[in-house]
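Everything on this sheet refers to the single structure shown next.
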Amino acid sequence: MSKQALSILIPTYNTVCVKLVQILSQQANTLNVNYEIIVSDDASPNGDTVTANEAINAIPHCTFIIRPTNSGSAANRNYLVSVSHHPWLLFLDCDITITNPQFLHTYYIYMEQQAEVINGGITIADMPELAHNLRYKYEKAAEPDHTAERRQQNKYQSFRSTNFMIRREAFDRCHFDERFTMSGYEDVLFGKHLKQQHVSALHIDNPVVMTQFESNADYIAKTERQLRTLYEFRNDLHGYSRLLTFIQGIHIPAILWLFRLWHLMFGATERRNLCGSRPLLSLYQLYRLGYYLNLLKNREG
């Protein structure tokens with residue numbers, strides 16, 4: 001088996017990714033490598049989406065798998081590795097777009113590097129029509145942190161699983177933690193495990209493009225789920241969450257009490273704004289802080 005053979009692994013849930021697979025297949029065919037593309041559906045309830053994705057099976061070297069029960073993104077990623085065959089594993093999210101015609105070739109030229117994991121990063125599409133979409137505003141504001149240079153400065157703390165390639169033997173030492181049954185922070189802990197296992201990491205400029213953004217109400221609900229996950233695994237994520245680091249840096253209890261009081265008094269008002277048609281990004285960060293602090297207070301007494 002060639003050391004440069006590649007398994008492209010795409011976990012999906014309620015998302016049609018046939019076009020993405022077609023683009024990847026076309027690019028892979030131009031490389032002198034053995035490859036496979038495997039898409040694993042984590043028991044999506046949307047039957048039309050599942051049916052549409054079955055077209056993937058008609059594309060050479062491509063497989064679409066329907067999992068019978070929902071197990072979460074972490075378990076689905078581990079499952080994809082278990083059914084794959086090649087020494088290099090390229091993980092991609094299902095809802096991204098690839099606009100670079102040399103995307104796979106760029107990863108290919110790094111296969112001979114010593115790095116065991118290579119993260120290509122993301123970029124955010126310019127979509128001015130989404131000026132009032134909270135997720136779009138948040139990602140756009142964070143885009144300066146997505147450059148390869150910035151990510152390499154904190155190469156394990158900055159890890160996102162949207163777009164990365166890893167050697168199989170390295171992944172065997174660093175599985176995704178299947179305790180994370182809801183999406184959110186499983187890739188952050190994965191980055192911590194990479195560091196603990198001394199897996200060499202390299203961040204490069206080979207981004208995929210984010211073009212899909214959930215509604216404001218859905219994004220707030222997702223944020224709240226992720227904050228509950230952060231609370232549950234706060235000890236594991238120590239030093240790998242900016243929010244936890246910020247809170248731990250506040251040594252005056254009265255300040256934390258004031259943030260909690262603010263959230264109790266105005267959290268519902270903030271949430272209405274964030275779910276509405278003109279969300280304020282500054283309120284989003286304040287809402288996250290207050291929501292988490294009240295989780296901490298209410299569950300620990």
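Here's how to read the names in the structure tokens: chain A, B, ... by the order shown, residue numbers from 1 in each chain, ligand numbers from 1 in the order shown.
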Strand (DSSP E or B) call set, DSSP backbone run, region 42-186 of chain A, as a PyMOL selection string: chain A and resi 62-66+88-92+96-97+117-119+122-124+163-167
Go through region 107-184 of chain A and flag each residue having an atom no more than 8 Å from region 266-280 of chain A; for those, report the closest pair of atoms plus their distance in Å to one decimal, using only C-alpha atoms, ordered by chain and rising number, as JSON lines.
{"residue": "A:His132", "atom": "CA", "partner": "A:Arg278", "partner_atom": "CA", "distance": 5.4}
{"residue": "A:Asn133", "atom": "CA", "partner": "A:Pro279", "partner_atom": "CA", "distance": 7.5}
{"residue": "A:Leu134", "atom": "CA", "partner": "A:Pro279", "partner_atom": "CA", "distance": 6.2}
Region 135-191 of chain A near region 5-15 of chain A within 12 Å: what's each residue's closest atom pair and its distance in Å to one decimal, counting only C-alpha atoms, ordered by chain then ascending residue number, as JSON lines?
{"residue": "A:Ser161", "atom": "CA", "partner": "A:Ile10", "partner_atom": "CA", "distance": 10.8}
{"residue": "A:Thr162", "atom": "CA", "partner": "A:Ile10", "partner_atom": "CA", "distance": 9.7}
{"residue": "A:Asn163", "atom": "CA", "partner": "A:Ile10", "partner_atom": "CA", "distance": 9.9}
{"residue": "A:Phe164", "atom": "CA", "partner": "A:Ile8", "partner_atom": "CA", "distance": 10.1}
{"residue": "A:Met165", "atom": "CA", "partner": "A:Ile8", "partner_atom": "CA", "distance": 8.8}
{"residue": "A:Ile166", "atom": "CA", "partner": "A:Leu6", "partner_atom": "CA", "distance": 10.0}
{"residue": "A:Arg167", "atom": "CA", "partner": "A:Leu6", "partner_atom": "CA", "distance": 9.6}
{"residue": "A:Arg168", "atom": "CA", "partner": "A:Ser7", "partner_atom": "CA", "distance": 9.7}
{"residue": "A:Ser183", "atom": "CA", "partner": "A:Tyr13", "partner_atom": "CA", "distance": 11.0}
Neighbouring residues of region 140-157 of chain A were defined as those with any atom within 6 Å, considering only C-alpha atoms; residues of the same chain fewer than 5 positions away were excluded. Please report them as a list of chain:residue names.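 The filter keeps A:Gly191, A:His203, A:Ile204, A:Asp205, A:Tyr240.
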Find the residues near region 256-264 of chain A: any atom within 12 Å, counting only C-alpha atoms, skip ones fewer than 2 places away on the same chain, and give them as a ChimeraX atom specification. /A:246-254,266-271,283-298
Please dump the current selection as a CSV table (one decimal), in the first residue's frame; keep N, CA and C atoms.
chain,number,residue,atom,x,y,z
A,246,PHE,N,-10.7,33.0,30.5
A,246,PHE,CA,-11.1,34.4,30.9
A,246,PHE,C,-11.7,34.3,32.3
A,247,ILE,N,-12.6,33.4,32.6
A,247,ILE,CA,-13.3,33.3,33.9
A,247,ILE,C,-12.2,33.0,35.0
A,248,GLN,N,-11.3,32.1,34.7
A,248,GLN,CA,-10.3,31.7,35.7
A,248,GLN,C,-9.4,32.9,36.0
A,249,GLY,N,-9.3,33.8,35.1
A,249,GLY,CA,-8.4,35.0,35.3
A,249,GLY,C,-9.0,36.1,36.1
A,250,ILE,N,-10.3,35.9,36.4
A,250,ILE,CA,-11.0,36.9,37.3
A,250,ILE,C,-11.0,36.4,38.7
A,251,HIS,N,-10.2,37.1,39.6
A,251,HIS,CA,-9.9,36.6,40.9
A,251,HIS,C,-10.8,37.3,42.0
A,252,ILE,N,-11.6,38.2,41.5
A,252,ILE,CA,-12.5,38.9,42.4
A,252,ILE,C,-13.9,38.4,42.3
A,253,PRO,N,-14.4,37.6,43.3
A,253,PRO,CA,-15.7,36.9,43.2
A,253,PRO,C,-16.8,37.9,42.9
A,254,ALA,N,-16.7,39.1,43.4
A,254,ALA,CA,-17.8,40.1,43.2
A,254,ALA,C,-18.0,40.4,41.7
A,266,PHE,N,-31.0,40.5,32.6
A,266,PHE,CA,-31.1,40.9,31.2
A,266,PHE,C,-30.8,39.8,30.2
A,267,GLY,N,-30.6,38.5,30.7
A,267,GLY,CA,-30.3,37.4,29.7
A,267,GLY,C,-31.4,37.2,28.7
A,268,ALA,N,-32.6,37.2,29.2
A,268,ALA,CA,-33.8,37.0,28.3
A,268,ALA,C,-33.8,38.1,27.2
A,269,THR,N,-33.6,39.3,27.6
A,269,THR,CA,-33.6,40.4,26.6
A,269,THR,C,-32.4,40.3,25.6
A,270,GLU,N,-31.3,39.9,26.1
A,270,GLU,CA,-30.1,39.6,25.2
A,270,GLU,C,-30.5,38.5,24.2
A,271,ARG,N,-31.1,37.5,24.7
A,271,ARG,CA,-31.4,36.3,23.9
A,271,ARG,C,-32.4,36.7,22.8
A,283,LEU,N,-23.2,41.6,22.4
A,283,LEU,CA,-24.1,40.9,23.3
A,283,LEU,C,-23.9,39.4,23.3
A,284,TYR,N,-23.5,38.9,22.2
A,284,TYR,CA,-23.3,37.5,22.1
A,284,TYR,C,-22.3,37.0,23.1
A,285,GLN,N,-21.1,37.7,23.1
A,285,GLN,CA,-20.1,37.3,24.0
A,285,GLN,C,-20.5,37.4,25.5
A,286,LEU,N,-21.3,38.5,25.8
A,286,LEU,CA,-21.8,38.7,27.1
A,286,LEU,C,-22.8,37.7,27.5
A,287,TYR,N,-23.6,37.3,26.6
A,287,TYR,CA,-24.6,36.2,26.8
A,287,TYR,C,-23.9,34.9,27.1
A,288,ARG,N,-22.9,34.6,26.3
A,288,ARG,CA,-22.1,33.3,26.5
A,288,ARG,C,-21.6,33.3,27.9
A,289,LEU,N,-20.9,34.4,28.3
A,289,LEU,CA,-20.3,34.4,29.7
A,289,LEU,C,-21.3,34.3,30.8
A,290,GLY,N,-22.4,35.0,30.7
A,290,GLY,CA,-23.5,34.9,31.7
A,290,GLY,C,-24.1,33.6,31.7
A,291,TYR,N,-24.4,33.0,30.6
A,291,TYR,CA,-25.0,31.7,30.5
A,291,TYR,C,-24.1,30.6,31.2
A,292,TYR,N,-22.8,30.7,30.9
A,292,TYR,CA,-21.9,29.7,31.5
A,292,TYR,C,-21.8,29.9,33.0
A,293,LEU,N,-21.7,31.2,33.4
A,293,LEU,CA,-21.5,31.4,34.9
A,293,LEU,C,-22.7,31.0,35.7
A,294,ASN,N,-23.9,31.1,35.1
A,294,ASN,CA,-25.1,30.6,35.8
A,294,ASN,C,-25.2,29.1,35.8
A,295,LEU,N,-24.7,28.4,34.7
A,295,LEU,CA,-24.6,27.0,34.8
A,295,LEU,C,-23.7,26.6,36.0
A,296,LEU,N,-22.6,27.3,36.1
A,296,LEU,CA,-21.6,27.0,37.1
A,296,LEU,C,-22.2,27.2,38.5
A,297,LYS,N,-23.0,28.3,38.7
A,297,LYS,CA,-23.6,28.6,40.0
A,297,LYS,C,-24.7,27.6,40.3
A,298,ASN,N,-25.6,27.4,39.3
A,298,ASN,CA,-26.8,26.6,39.6
A,298,ASN,C,-26.5,25.1,39.8
Long-range neighbours of Ser71 (chain A) as a ChimeraX atom specification, 9 Å cut-off, only C-alpha atoms, 6 positions minimum in chain: /A:42-43,178,181-182
Output for the residues just chosen: all heavy atoms as a JSON list (two decimals), in the first residue's frame:
[["chain", "number", "residue", "atom", "x", "y", "z"],
["A", 42, "ASP", "N", -24.97, 10.15, 10.27],
["A", 42, "ASP", "CA", -25.20, 9.79, 11.68],
["A", 42, "ASP", "C", -26.69, 9.76, 12.00],
["A", 42, "ASP", "O", -27.18, 10.50, 12.85],
["A", 42, "ASP", "CB", -24.47, 10.80, 12.57],
["A", 42, "ASP", "CG", -24.31, 10.31, 14.00],
["A", 42, "ASP", "OD1", -24.40, 9.09, 14.24],
["A", 42, "ASP", "OD2", -24.08, 11.16, 14.88],
["A", 43, "ALA", "N", -27.40, 8.87, 11.29],
["A", 43, "ALA", "CA", -28.83, 8.66, 11.52],
["A", 43, "ALA", "C", -29.63, 9.95, 11.37],
["A", 43, "ALA", "O", -30.42, 10.32, 12.24],
["A", 43, "ALA", "CB", -29.08, 8.03, 12.90],
["A", 178, "GLU", "N", -15.51, 9.90, 22.69],
["A", 178, "GLU", "CA", -16.91, 9.60, 22.40],
["A", 178, "GLU", "C", -17.85, 9.94, 23.55],
["A", 178, "GLU", "O", -19.07, 9.76, 23.43],
["A", 178, "GLU", "CB", -17.05, 8.13, 21.99],
["A", 178, "GLU", "CG", -16.30, 7.84, 20.70],
["A", 178, "GLU", "CD", -16.57, 6.46, 20.12],
["A", 178, "GLU", "OE1", -17.51, 5.79, 20.62],
["A", 178, "GLU", "OE2", -15.85, 6.05, 19.20],
["A", 181, "THR", "N", -21.25, 13.48, 23.01],
["A", 181, "THR", "CA", -22.34, 12.99, 22.15],
["A", 181, "THR", "C", -23.02, 14.13, 21.40],
["A", 181, "THR", "O", -23.75, 13.89, 20.43],
["A", 181, "THR", "CB", -23.38, 12.24, 22.98],
["A", 181, "THR", "OG1", -23.87, 13.10, 24.02],
["A", 181, "THR", "CG2", -22.77, 10.99, 23.61],
["A", 182, "MET", "N", -22.81, 15.37, 21.83],
["A", 182, "MET", "CA", -23.30, 16.54, 21.12],
["A", 182, "MET", "C", -22.11, 17.25, 20.49],
["A", 182, "MET", "O", -21.01, 17.23, 21.03],
["A", 182, "MET", "CB", -24.04, 17.48, 22.07],
["A", 182, "MET", "CG", -25.17, 16.84, 22.85],
["A", 182, "MET", "SD", -26.53, 16.30, 21.79],
["A", 182, "MET", "CE", -27.18, 17.87, 21.26]]
Please compute the CA of Ile96 (chain A)-CA of Tyr138 (chain A) distance, one decimal, in Å.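 Going from CA of Ile96 (chain A) over to CA of Tyr138 (chain A), I get 16.7 Å.
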Residue set, region 101-280 of chain A restricted to helix (DSSP H, G or I), as a PyMOL selection string: chain A and resi 103-109+128-130+134-146+148-153+168-171+186-196+216-232+242-248+253-275
With only C-alpha atoms as the counted atoms, please give the residues lying no more than 10 Å from Arg225 (chain A), apart from itself and same-chain residues fewer than 5 positions off, as an mmCIF file with N, CA, C and O atoms, in the first residue's frame.
data_model
loop_
_atom_site.group_PDB
_atom_site.id
_atom_site.type_symbol
_atom_site.label_atom_id
_atom_site.label_comp_id
_atom_site.auth_asym_id
_atom_site.auth_seq_id
_atom_site.Cartn_x
_atom_site.Cartn_y
_atom_site.Cartn_z
ATOM 1 N N MET A 182 -22.806 15.368 21.830
ATOM 2 C CA MET A 182 -23.304 16.543 21.124
ATOM 3 C C MET A 182 -22.112 17.255 20.494
ATOM 4 O O MET A 182 -21.011 17.232 21.035
ATOM 5 N N SER A 183 -22.347 17.906 19.347
ATOM 6 C CA SER A 183 -21.252 18.611 18.690
ATOM 7 C C SER A 183 -20.820 19.805 19.529
ATOM 8 O O SER A 183 -21.630 20.461 20.179
ATOM 9 N N GLY A 184 -19.518 20.062 19.531
ATOM 10 C CA GLY A 184 -18.993 21.182 20.298
ATOM 11 C C GLY A 184 -17.906 20.748 21.253
ATOM 12 O O GLY A 184 -18.159 19.954 22.160
ATOM 13 N N TYR A 219 -28.613 29.099 16.002
ATOM 14 C CA TYR A 219 -27.234 29.281 16.454
ATOM 15 C C TYR A 219 -27.173 29.522 17.961
ATOM 16 O O TYR A 219 -26.264 29.022 18.635
ATOM 17 N N ILE A 220 -28.133 30.254 18.491
ATOM 18 C CA ILE A 220 -28.159 30.454 19.941
ATOM 19 C C ILE A 220 -28.444 29.136 20.660
ATOM 20 O O ILE A 220 -27.824 28.822 21.685
ATOM 21 N N LEU A 230 -19.308 22.404 27.489
ATOM 22 C CA LEU A 230 -18.120 23.002 28.095
ATOM 23 C C LEU A 230 -18.163 22.858 29.608
ATOM 24 O O LEU A 230 -17.142 22.535 30.231
ATOM 25 N N TYR A 231 -19.331 23.081 30.200
ATOM 26 C CA TYR A 231 -19.450 22.923 31.650
ATOM 27 C C TYR A 231 -19.179 21.469 32.050
ATOM 28 O O TYR A 231 -18.431 21.206 33.005
#
Minimum-distance residue to Leu24 (chain A), chosen among A:Thr99, A:Ser82, A:Asn70, A:Asn46 (using only C-alpha atoms): A:Thr99
State, in Å with one decimal place, the distance from CA of Val83 (chain A) to CA of Asp187 (chain A).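 Computing the Euclidean distance for CA of Val83 (chain A) and CA of Asp187 (chain A) yields 20.4 Å.
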CA of Asn57 (chain A) to CA of Phe176 (chain A), distance in Å rounded to a single decimal: 26.3 Å
